[in-house]
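Enquirer: Have a peek at start28.txt (compact mmCIF, C-alpha atoms and all ligand atoms).
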# COMPACT_ATOMS: atom_id res chain seq x y z
CA MET A 1 85.39 54.72 -30.90
CA SER A 2 83.80 53.95 -27.55
CA ASP A 3 81.78 56.73 -26.02
CA GLN A 4 83.62 55.84 -22.82
CA ALA A 5 87.01 56.61 -24.35
CA GLY A 6 88.16 60.10 -23.45
CA ASN A 7 90.85 62.25 -24.88
CA ALA A 8 93.35 62.06 -22.06
CA GLU A 9 95.25 65.11 -23.27
CA ASP A 10 92.55 67.31 -21.80
CA GLY A 11 93.71 66.01 -18.39
CA PHE A 12 90.33 64.51 -17.49
CA PRO A 13 90.32 60.98 -16.17
CA THR A 14 89.51 58.51 -18.91
CA LEU A 15 87.58 55.37 -18.22
CA ILE A 16 88.80 53.22 -21.07
CA PRO A 17 92.11 53.80 -22.83
CA ASN A 18 91.67 54.65 -26.46
CA HIS A 19 94.83 52.80 -27.50
CA VAL A 20 96.58 49.94 -25.71
CA ALA A 21 99.97 48.64 -26.85
CA VAL A 22 101.21 45.22 -25.74
CA ILE A 23 104.64 43.58 -25.58
CA MET A 24 103.74 39.89 -25.51
CA ASP A 25 106.74 38.37 -23.73
CA GLY A 26 107.34 34.98 -22.18
CA ASN A 27 106.22 32.41 -24.77
CA GLY A 28 109.56 30.61 -24.82
CA ARG A 29 109.85 30.39 -21.04
CA TRP A 30 106.25 29.18 -20.79
CA ALA A 31 106.99 26.32 -23.18
CA ASN A 32 110.36 25.45 -21.64
CA ALA A 33 108.82 25.29 -18.16
CA ARG A 34 106.61 22.51 -19.53
CA GLY A 35 109.53 20.70 -21.17
CA ASN A 36 108.24 21.74 -24.60
CA PRO A 37 109.97 23.43 -27.54
CA ARG A 38 109.65 27.21 -27.74
CA TYR A 39 107.33 27.17 -30.73
CA MET A 40 104.65 25.59 -28.57
CA GLY A 41 104.78 28.71 -26.43
CA HIS A 42 104.23 30.83 -29.54
CA GLN A 43 101.28 28.62 -30.52
CA ALA A 44 99.75 29.04 -27.07
CA GLY A 45 100.50 32.76 -27.31
CA ALA A 46 98.54 33.00 -30.55
CA GLU A 47 95.44 31.63 -28.75
CA VAL A 48 95.83 34.33 -26.11
CA VAL A 49 96.06 36.97 -28.85
CA ARG A 50 92.60 35.87 -29.97
CA ASN A 51 91.17 36.21 -26.42
CA ILE A 52 92.73 39.62 -25.82
CA VAL A 53 91.59 41.00 -29.19
CA GLU A 54 88.07 39.86 -28.34
CA ALA A 55 88.30 41.45 -24.87
CA ALA A 56 89.68 44.70 -26.30
CA ALA A 57 86.79 44.95 -28.76
CA GLN A 58 84.24 44.15 -26.05
CA ARG A 59 85.69 46.75 -23.67
CA GLY A 60 85.38 49.42 -26.35
CA LEU A 61 89.03 50.18 -27.13
CA SER A 62 89.63 51.93 -30.43
CA TYR A 63 93.18 50.67 -31.07
CA LEU A 64 95.16 47.63 -29.93
CA THR A 65 98.79 47.37 -31.06
CA LEU A 66 100.60 44.07 -30.52
CA PHE A 67 104.37 43.60 -30.76
CA ALA A 68 104.54 40.26 -32.59
CA PHE A 69 108.10 40.30 -33.95
CA SER A 70 110.81 42.88 -33.47
CA SER A 71 113.50 43.98 -35.93
CA GLU A 72 115.91 42.24 -33.55
CA ASN A 73 113.96 38.94 -33.48
CA TRP A 74 115.50 38.09 -36.88
CA ARG A 75 118.62 37.24 -34.82
CA ARG A 76 116.88 34.18 -33.31
CA PRO A 77 117.69 30.69 -34.60
CA ALA A 78 116.39 30.26 -38.16
CA SER A 79 114.13 27.41 -37.05
CA GLU A 80 112.31 29.63 -34.53
CA VAL A 81 112.03 32.50 -37.01
CA ASN A 82 110.52 30.13 -39.60
CA GLN A 83 108.08 28.72 -37.05
CA LEU A 84 106.96 32.22 -36.12
CA MET A 85 106.54 33.22 -39.78
CA ASN A 86 104.46 30.07 -40.40
CA LEU A 87 102.40 30.87 -37.34
CA PHE A 88 101.66 34.36 -38.69
CA VAL A 89 100.59 32.90 -42.06
CA ASP A 90 98.36 30.32 -40.32
CA ALA A 91 96.87 32.91 -37.97
CA LEU A 92 96.00 35.18 -40.89
CA GLU A 93 94.46 32.29 -42.80
CA ARG A 94 92.42 31.21 -39.78
CA GLU A 95 91.39 34.50 -38.19
CA VAL A 96 90.88 37.17 -40.84
CA ASP A 97 87.30 36.22 -41.79
CA GLU A 98 86.21 36.22 -38.18
CA LEU A 99 87.97 39.53 -37.46
CA HIS A 100 86.21 40.96 -40.51
CA ARG A 101 82.83 39.67 -39.29
CA ASN A 102 83.53 41.42 -36.00
CA ASN A 103 84.19 44.73 -37.77
CA VAL A 104 87.90 44.73 -36.81
CA ARG A 105 90.30 46.60 -39.07
CA LEU A 106 93.72 44.96 -39.37
CA ARG A 107 96.89 46.92 -39.97
CA PHE A 108 100.53 45.85 -39.98
CA ILE A 109 103.51 48.05 -39.19
CA GLY A 110 107.15 47.15 -39.72
CA SER A 111 109.54 46.39 -42.54
CA ARG A 112 108.08 43.78 -44.90
CA GLY A 113 111.27 43.40 -46.98
CA GLN A 114 112.43 40.20 -45.27
CA PHE A 115 109.04 38.45 -45.27
CA LYS A 116 108.32 35.64 -47.71
CA ILE A 117 105.98 36.63 -50.49
CA ASP A 118 103.17 34.40 -49.17
CA LEU A 119 103.12 36.30 -45.87
CA VAL A 120 103.29 39.70 -47.60
CA ARG A 121 100.32 38.74 -49.82
CA ARG A 122 98.26 37.60 -46.84
CA ILE A 123 99.03 40.80 -44.96
CA GLU A 124 98.00 42.88 -47.96
CA LEU A 125 94.81 40.86 -48.44
CA ALA A 126 93.89 41.13 -44.75
CA GLU A 127 94.45 44.90 -44.76
CA LYS A 128 92.44 45.29 -47.96
CA LYS A 129 89.56 43.12 -46.82
CA THR A 130 89.14 44.90 -43.47
CA ARG A 131 90.03 48.45 -44.48
CA ASN A 132 86.47 49.82 -44.31
CA ASN A 133 85.70 48.30 -40.90
CA ASP A 134 85.13 50.89 -38.23
CA GLY A 135 85.39 48.81 -35.06
CA LEU A 136 88.60 48.02 -33.20
CA VAL A 137 91.77 48.77 -35.17
CA LEU A 138 94.15 45.87 -34.54
CA ILE A 139 97.72 46.83 -35.38
CA ILE A 140 100.33 44.08 -35.58
CA ALA A 141 103.92 45.24 -35.28
CA ALA A 142 105.99 42.66 -37.16
CA SER A 143 109.63 43.13 -38.12
CA TYR A 144 109.17 46.42 -36.32
CA GLY A 145 111.63 48.51 -34.33
CA GLY A 146 111.10 51.94 -32.83
CA ARG A 147 114.50 53.16 -34.03
CA TRP A 148 113.83 51.81 -37.53
CA ASP A 149 110.53 53.69 -37.54
CA ILE A 150 112.18 57.00 -36.56
CA VAL A 151 114.98 56.55 -39.10
CA GLU A 152 112.43 55.82 -41.86
CA GLY A 153 110.52 58.94 -40.84
CA ALA A 154 113.70 61.03 -41.03
CA LYS A 155 114.48 59.61 -44.48
CA SER A 156 111.03 60.51 -45.69
CA LEU A 157 111.42 64.10 -44.48
CA VAL A 158 114.80 64.40 -46.20
CA ARG A 159 113.28 63.08 -49.45
CA LYS A 160 110.56 65.72 -49.24
CA ALA A 161 113.12 68.43 -48.51
CA THR A 162 115.24 67.29 -51.46
CA MET A 163 112.19 67.65 -53.70
CA GLY A 164 111.68 71.15 -52.35
CA LYS A 165 108.45 70.23 -50.58
CA LEU A 166 109.59 71.36 -47.13
CA VAL A 167 112.26 73.33 -45.28
CA ALA A 168 113.80 72.60 -41.87
CA ASP A 169 111.43 74.92 -40.02
CA ASP A 170 108.43 72.97 -41.33
CA ILE A 171 109.55 70.05 -39.17
CA ASN A 172 107.85 69.93 -35.80
CA GLU A 173 106.56 67.16 -33.55
CA ALA A 174 103.30 66.87 -35.45
CA SER A 175 104.87 66.76 -38.92
CA PHE A 176 107.51 64.29 -37.71
CA ALA A 177 104.85 62.04 -36.18
CA GLY A 178 103.06 62.18 -39.53
CA GLU A 179 105.98 60.30 -41.12
CA LEU A 180 105.96 57.41 -38.65
CA SER A 181 104.24 54.03 -38.98
CA LEU A 182 101.41 55.11 -36.68
CA ALA A 183 100.72 58.40 -38.47
CA GLY A 184 97.15 59.40 -37.76
CA VAL A 185 96.79 56.93 -34.87
CA PRO A 186 96.57 58.47 -31.38
CA ASP A 187 99.49 57.58 -29.11
CA PRO A 188 99.04 54.53 -26.89
CA ASP A 189 97.54 55.50 -23.53
CA LEU A 190 98.63 52.28 -21.87
CA LEU A 191 101.54 49.89 -22.47
CA ILE A 192 101.20 46.36 -21.13
CA ARG A 193 104.26 44.11 -20.98
CA THR A 194 104.05 40.52 -19.81
CA GLY A 195 106.92 38.20 -18.93
CA GLY A 196 108.42 40.05 -15.95
CA GLU A 197 110.82 42.37 -17.81
CA ARG A 198 110.45 46.11 -17.36
CA ARG A 199 111.72 47.67 -20.53
CA ILE A 200 110.41 49.03 -23.82
CA SER A 201 112.68 46.87 -26.05
CA ASN A 202 112.67 49.23 -29.03
CA PHE A 203 108.87 49.18 -29.33
CA LEU A 204 107.02 52.40 -30.23
CA LEU A 205 109.77 54.72 -28.98
CA TRP A 206 108.21 57.96 -30.21
CA ASN A 207 104.59 57.06 -29.55
CA LEU A 208 104.97 55.77 -25.98
CA ALA A 209 106.21 59.14 -24.69
CA TYR A 210 103.25 59.61 -22.32
CA ALA A 211 101.92 56.07 -22.01
CA GLU A 212 101.07 54.64 -18.62
CA MET A 213 102.86 51.32 -18.11
CA TRP A 214 101.61 48.05 -16.68
CA PHE A 215 104.16 45.29 -16.17
CA SER A 216 102.97 41.78 -15.48
CA GLU A 217 104.88 38.79 -14.15
CA SER A 218 102.58 36.49 -16.14
CA LEU A 219 104.09 34.83 -19.18
CA TRP A 220 102.10 35.79 -22.27
CA PRO A 221 100.38 32.38 -22.72
CA ASP A 222 99.05 32.78 -19.14
CA PHE A 223 97.77 36.31 -19.70
CA SER A 224 93.99 36.43 -19.49
CA PRO A 225 91.14 38.87 -20.14
CA ASP A 226 90.85 39.18 -16.33
CA GLU A 227 94.41 40.42 -16.10
CA PHE A 228 93.78 42.70 -19.07
CA ASP A 229 90.92 44.16 -17.00
CA GLU A 230 93.33 44.64 -14.08
CA ALA A 231 95.59 46.65 -16.37
CA LEU A 232 92.61 48.74 -17.48
CA SER A 233 91.70 49.37 -13.81
CA TYR A 234 95.26 50.46 -13.09
CA TYR A 235 95.00 52.85 -16.04
CA ARG A 236 91.81 54.33 -14.61
CA SER A 237 93.64 55.07 -11.36
CA ARG A 238 96.32 57.16 -13.07
CA GLN A 239 96.34 60.92 -13.31
CA ARG A 240 97.81 61.95 -16.64
CA ARG A 241 99.60 65.26 -16.36
CA TYR A 242 101.52 65.87 -19.62
CA GLY A 243 103.93 68.18 -17.83
CA HIS A 244 101.30 70.05 -15.80
CA THR A 245 101.23 69.90 -12.01
CA GLY A 246 98.81 67.59 -10.25
CA ASP A 247 96.87 70.64 -8.97
CA GLN A 248 96.48 72.04 -12.47
CA VAL A 249 95.08 68.78 -13.74
CA ALA A 250 92.80 68.29 -10.74
C1 LIG A 301 108.11 36.97 -27.09
O1 LIG A 301 108.28 35.85 -26.25
C2 LIG A 301 107.17 36.66 -28.15
C3 LIG A 301 107.44 36.73 -29.49
C4 LIG A 301 108.75 37.12 -30.03
C5 LIG A 301 106.43 36.35 -30.46
C6 LIG A 301 105.04 36.81 -30.21
C7 LIG A 301 104.16 35.97 -31.00
C8 LIG A 301 102.96 35.50 -30.59
C9 LIG A 301 102.29 35.86 -29.31
C10 LIG A 301 102.27 34.53 -31.45
C11 LIG A 301 101.29 34.97 -32.42
C12 LIG A 301 101.08 36.38 -32.73
C13 LIG A 301 100.11 36.82 -33.56
C14 LIG A 301 99.98 38.27 -33.80
C15 LIG A 301 99.18 35.89 -34.24
P1 LIG A 301 109.71 35.18 -26.17
O2 LIG A 301 109.79 34.15 -27.23
O3 LIG A 301 110.76 36.22 -26.22
O4 LIG A 301 109.64 34.51 -24.77
P2 LIG A 301 110.84 34.33 -23.73
O5 LIG A 301 111.17 35.70 -23.22
O6 LIG A 301 110.21 33.48 -22.70
O7 LIG A 301 111.96 33.67 -24.44
Kindly present the structure from the file in structure tokens form.
Expert:
Amino acid sequence: MSDQAGNAEDGFPTLIPNHVAVIMDGNGRWANARGNPRYMGHQAGAEVVRNIVEAAAQRGLSYLTLFAFSSENWRRPASEVNQLMNLFVDALEREVDELHRNNVRLRFIGSRGQFKIDLVRRIELAEKKTRNNDGLVLIIAASYGGRWDIVEGAKSLVRKATMGKLVADDINEASFAGELSLAGVPDPDLLIRTGGERRISNFLLWNLAYAEMWFSESLWPDFSPDEFDEALSYYRSRQRRYGHTGDQVA
């Protein structure tokens, strides 16, 4: 963790967010505006992922979570879904060694049940290879939905209760959070969404409760480390109150 990263829950201004979450939107529009098929936007988007991961590590973030494919994205035309899945396989094949050399730990969250076995194996290999790295934790949300995550957490609690391992009063915010995909990971401090839309789109519904939000008109393939820095500056300007008054925090 960066020595510049603070624990924002103490109310003190933090210089660098500990955890940034990103909704990478606008690949399709970027490609269409150039008269190209949508998958070319996803390809260009993958290059930007590389630049932003590098920037996040250089700036000293501890966690970067990227929304790569939502539970709802399975509803897209099969051809686009296949192209995206192939892109994920290619990106893993191409990037994992370099991420490992740079001490990045890779984690995936989401339901893997619908992935082809080749992709599942590559995800498992990437997680295994990088699991002891203690630099940036790069979390890829793929086939992920915030509601799915909460429902899975509830199921897990019920299973434990059925086995007699807990009773209703054992359930509190901390124990519930411990059942979610990001158990043990501090909540995102900052959410960045590109592509001009201002919504959460079923991303980390539980975990974004207190996140600051930065919305950009840039389409994801146009998003740059400079704009990432602008988002980090905006974050620095925020006073995080967690229900307190401004005077209390000041
Ligand atoms: C949203 O843009 C983007 C996606 C559904 C895919 C995100 C994937 C990448 C950035 C590529 C690679 C990712 C990794 C982790 C290697 P959209 O298609 O909804 O764009 P639109 O709103 O313009 O249609």
Enquirer: Which is closer to ligand LIG 301 (chain A) than all the others in A:Ser62, A:Ser216, A:Ser233, A:Asn32, using only C-alpha atoms and all ligand atoms?
Expert: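 Among A:Ser62, A:Ser216, A:Ser233, A:Asn32, it is A:Asn32 that comes nearest to ligand LIG 301 (chain A).
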Enquirer: Around ligand LIG 301 (chain A), out to 6 Å and counting all atoms listed in the file, which residues are there? I want them as a count of residues only.
Expert: 13
Enquirer: May I ask which of the residues A:Val20, A:Val81, A:Leu61, A:Leu157 is the closest one to Trp214 (chain A), counting all atoms listed in the file?
Expert: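 Of the candidates, the smallest distance to Trp214 (chain A) is held by A:Val20.
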Enquirer: Nearest to Asn133 (chain A): which of A:Arg241, A:Lys165, A:Arg76, A:Arg101 is it, counting only C-alpha atoms?
Expert: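 Between A:Arg241, A:Lys165, A:Arg76, A:Arg101, the residue approaching Asn133 (chain A) most closely is A:Arg101.
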Enquirer: Quick one: residues within 10 Å of region 134-143 of chain A, only C-alpha atoms counted, chain neighbours fewer than 2 positions away excluded, as a ChimeraX atom specification?
Expert: /A:1-2,18-19,21-23,53-54,56-58,60-74,85,88,99-100,102-115,130-132,145,148,181-182,185,203-204
Enquirer: Would you mind exporting C-alpha atoms of the selected residues as a PDB file, in the coordinates of the input?
Expert:
ATOM      1  CA  MET A   1      85.390  54.720 -30.900  1.00  0.00           C
ATOM      2  CA  SER A   2      83.800  53.950 -27.550  1.00  0.00           C
ATOM      3  CA  ASN A  18      91.670  54.650 -26.460  1.00  0.00           C
ATOM      4  CA  HIS A  19      94.830  52.800 -27.500  1.00  0.00           C
ATOM      5  CA  ALA A  21      99.970  48.640 -26.850  1.00  0.00           C
ATOM      6  CA  VAL A  22     101.210  45.220 -25.740  1.00  0.00           C
ATOM      7  CA  ILE A  23     104.640  43.580 -25.580  1.00  0.00           C
ATOM      8  CA  VAL A  53      91.590  41.000 -29.190  1.00  0.00           C
ATOM      9  CA  GLU A  54      88.070  39.860 -28.340  1.00  0.00           C
ATOM     10  CA  ALA A  56      89.680  44.700 -26.300  1.00  0.00           C
ATOM     11  CA  ALA A  57      86.790  44.950 -28.760  1.00  0.00           C
ATOM     12  CA  GLN A  58      84.240  44.150 -26.050  1.00  0.00           C
ATOM     13  CA  GLY A  60      85.380  49.420 -26.350  1.00  0.00           C
ATOM     14  CA  LEU A  61      89.030  50.180 -27.130  1.00  0.00           C
ATOM     15  CA  SER A  62      89.630  51.930 -30.430  1.00  0.00           C
ATOM     16  CA  TYR A  63      93.180  50.670 -31.070  1.00  0.00           C
ATOM     17  CA  LEU A  64      95.160  47.630 -29.930  1.00  0.00           C
ATOM     18  CA  THR A  65      98.790  47.370 -31.060  1.00  0.00           C
ATOM     19  CA  LEU A  66     100.600  44.070 -30.520  1.00  0.00           C
ATOM     20  CA  PHE A  67     104.370  43.600 -30.760  1.00  0.00           C
ATOM     21  CA  ALA A  68     104.540  40.260 -32.590  1.00  0.00           C
ATOM     22  CA  PHE A  69     108.100  40.300 -33.950  1.00  0.00           C
ATOM     23  CA  SER A  70     110.810  42.880 -33.470  1.00  0.00           C
ATOM     24  CA  SER A  71     113.500  43.980 -35.930  1.00  0.00           C
ATOM     25  CA  GLU A  72     115.910  42.240 -33.550  1.00  0.00           C
ATOM     26  CA  ASN A  73     113.960  38.940 -33.480  1.00  0.00           C
ATOM     27  CA  TRP A  74     115.500  38.090 -36.880  1.00  0.00           C
ATOM     28  CA  MET A  85     106.540  33.220 -39.780  1.00  0.00           C
ATOM     29  CA  PHE A  88     101.660  34.360 -38.690  1.00  0.00           C
ATOM     30  CA  LEU A  99      87.970  39.530 -37.460  1.00  0.00           C
ATOM     31  CA  HIS A 100      86.210  40.960 -40.510  1.00  0.00           C
ATOM     32  CA  ASN A 102      83.530  41.420 -36.000  1.00  0.00           C
ATOM     33  CA  ASN A 103      84.190  44.730 -37.770  1.00  0.00           C
ATOM     34  CA  VAL A 104      87.900  44.730 -36.810  1.00  0.00           C
ATOM     35  CA  ARG A 105      90.300  46.600 -39.070  1.00  0.00           C
ATOM     36  CA  LEU A 106      93.720  44.960 -39.370  1.00  0.00           C
ATOM     37  CA  ARG A 107      96.890  46.920 -39.970  1.00  0.00           C
ATOM     38  CA  PHE A 108     100.530  45.850 -39.980  1.00  0.00           C
ATOM     39  CA  ILE A 109     103.510  48.050 -39.190  1.00  0.00           C
ATOM     40  CA  GLY A 110     107.150  47.150 -39.720  1.00  0.00           C
ATOM     41  CA  SER A 111     109.540  46.390 -42.540  1.00  0.00           C
ATOM     42  CA  ARG A 112     108.080  43.780 -44.900  1.00  0.00           C
ATOM     43  CA  GLY A 113     111.270  43.400 -46.980  1.00  0.00           C
ATOM     44  CA  GLN A 114     112.430  40.200 -45.270  1.00  0.00           C
ATOM     45  CA  PHE A 115     109.040  38.450 -45.270  1.00  0.00           C
ATOM     46  CA  THR A 130      89.140  44.900 -43.470  1.00  0.00           C
ATOM     47  CA  ARG A 131      90.030  48.450 -44.480  1.00  0.00           C
ATOM     48  CA  ASN A 132      86.470  49.820 -44.310  1.00  0.00           C
ATOM     49  CA  GLY A 145     111.630  48.510 -34.330  1.00  0.00           C
ATOM     50  CA  TRP A 148     113.830  51.810 -37.530  1.00  0.00           C
ATOM     51  CA  SER A 181     104.240  54.030 -38.980  1.00  0.00           C
ATOM     52  CA  LEU A 182     101.410  55.110 -36.680  1.00  0.00           C
ATOM     53  CA  VAL A 185      96.790  56.930 -34.870  1.00  0.00           C
ATOM     54  CA  PHE A 203     108.870  49.180 -29.330  1.00  0.00           C
ATOM     55  CA  LEU A 204     107.020  52.400 -30.230  1.00  0.00           C
TER      56      LEU A 204
END
Enquirer: Which of these, A:Leu219, A:Leu87, A:Leu191, A:Ile171, has the shortest distance to Ala231 (chain A) once you count only C-alpha atoms?
Expert: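 Once distances to Ala231 (chain A) are computed over only C-alpha atoms, the minimum belongs to A:Leu191.
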Enquirer: Could you name the residues that touch Gly243 (chain A) at 12 Å or less, counting all atoms listed in the file, but leaving out those on the same chain fewer than 3 positions away, as a VMD selection string?
Expert: chain A and resid 9 11 209 to 210 239 to 240 246 to 249
Enquirer: Between CA of Gly196 (chain A) and CA of Val151 (chain A), what is the distance, to one decimal in Å?
Expert: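 CA of Val151 (chain A) lies 29.2 Å from CA of Gly196 (chain A).
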Enquirer: Between CA of Asp226 (chain A) and CA of Val48 (chain A), what is the distance, to one decimal in Å?
Expert: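 The value is 12.0 Å.
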Enquirer: Take CA of Leu205 (chain A) and CA of Arg147 (chain A) and report the distance between them in Å, one decimal.
Expert: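 Those two atoms sit 7.1 Å apart.
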Enquirer: Using all atoms listed in the file, which of the listed residues (A:Gly178, A:Pro37, A:Asp118, A:Lys155) sits closest to Ser79 (chain A)?
Expert: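 Closest candidate: A:Pro37.
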Enquirer: Which is closer to Ile150 (chain A) than all the others in A:Leu15, A:Arg236, A:Trp206, A:Ala126, using only C-alpha atoms?
Expert: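 Closest residue, counting only C-alpha atoms: A:Trp206.
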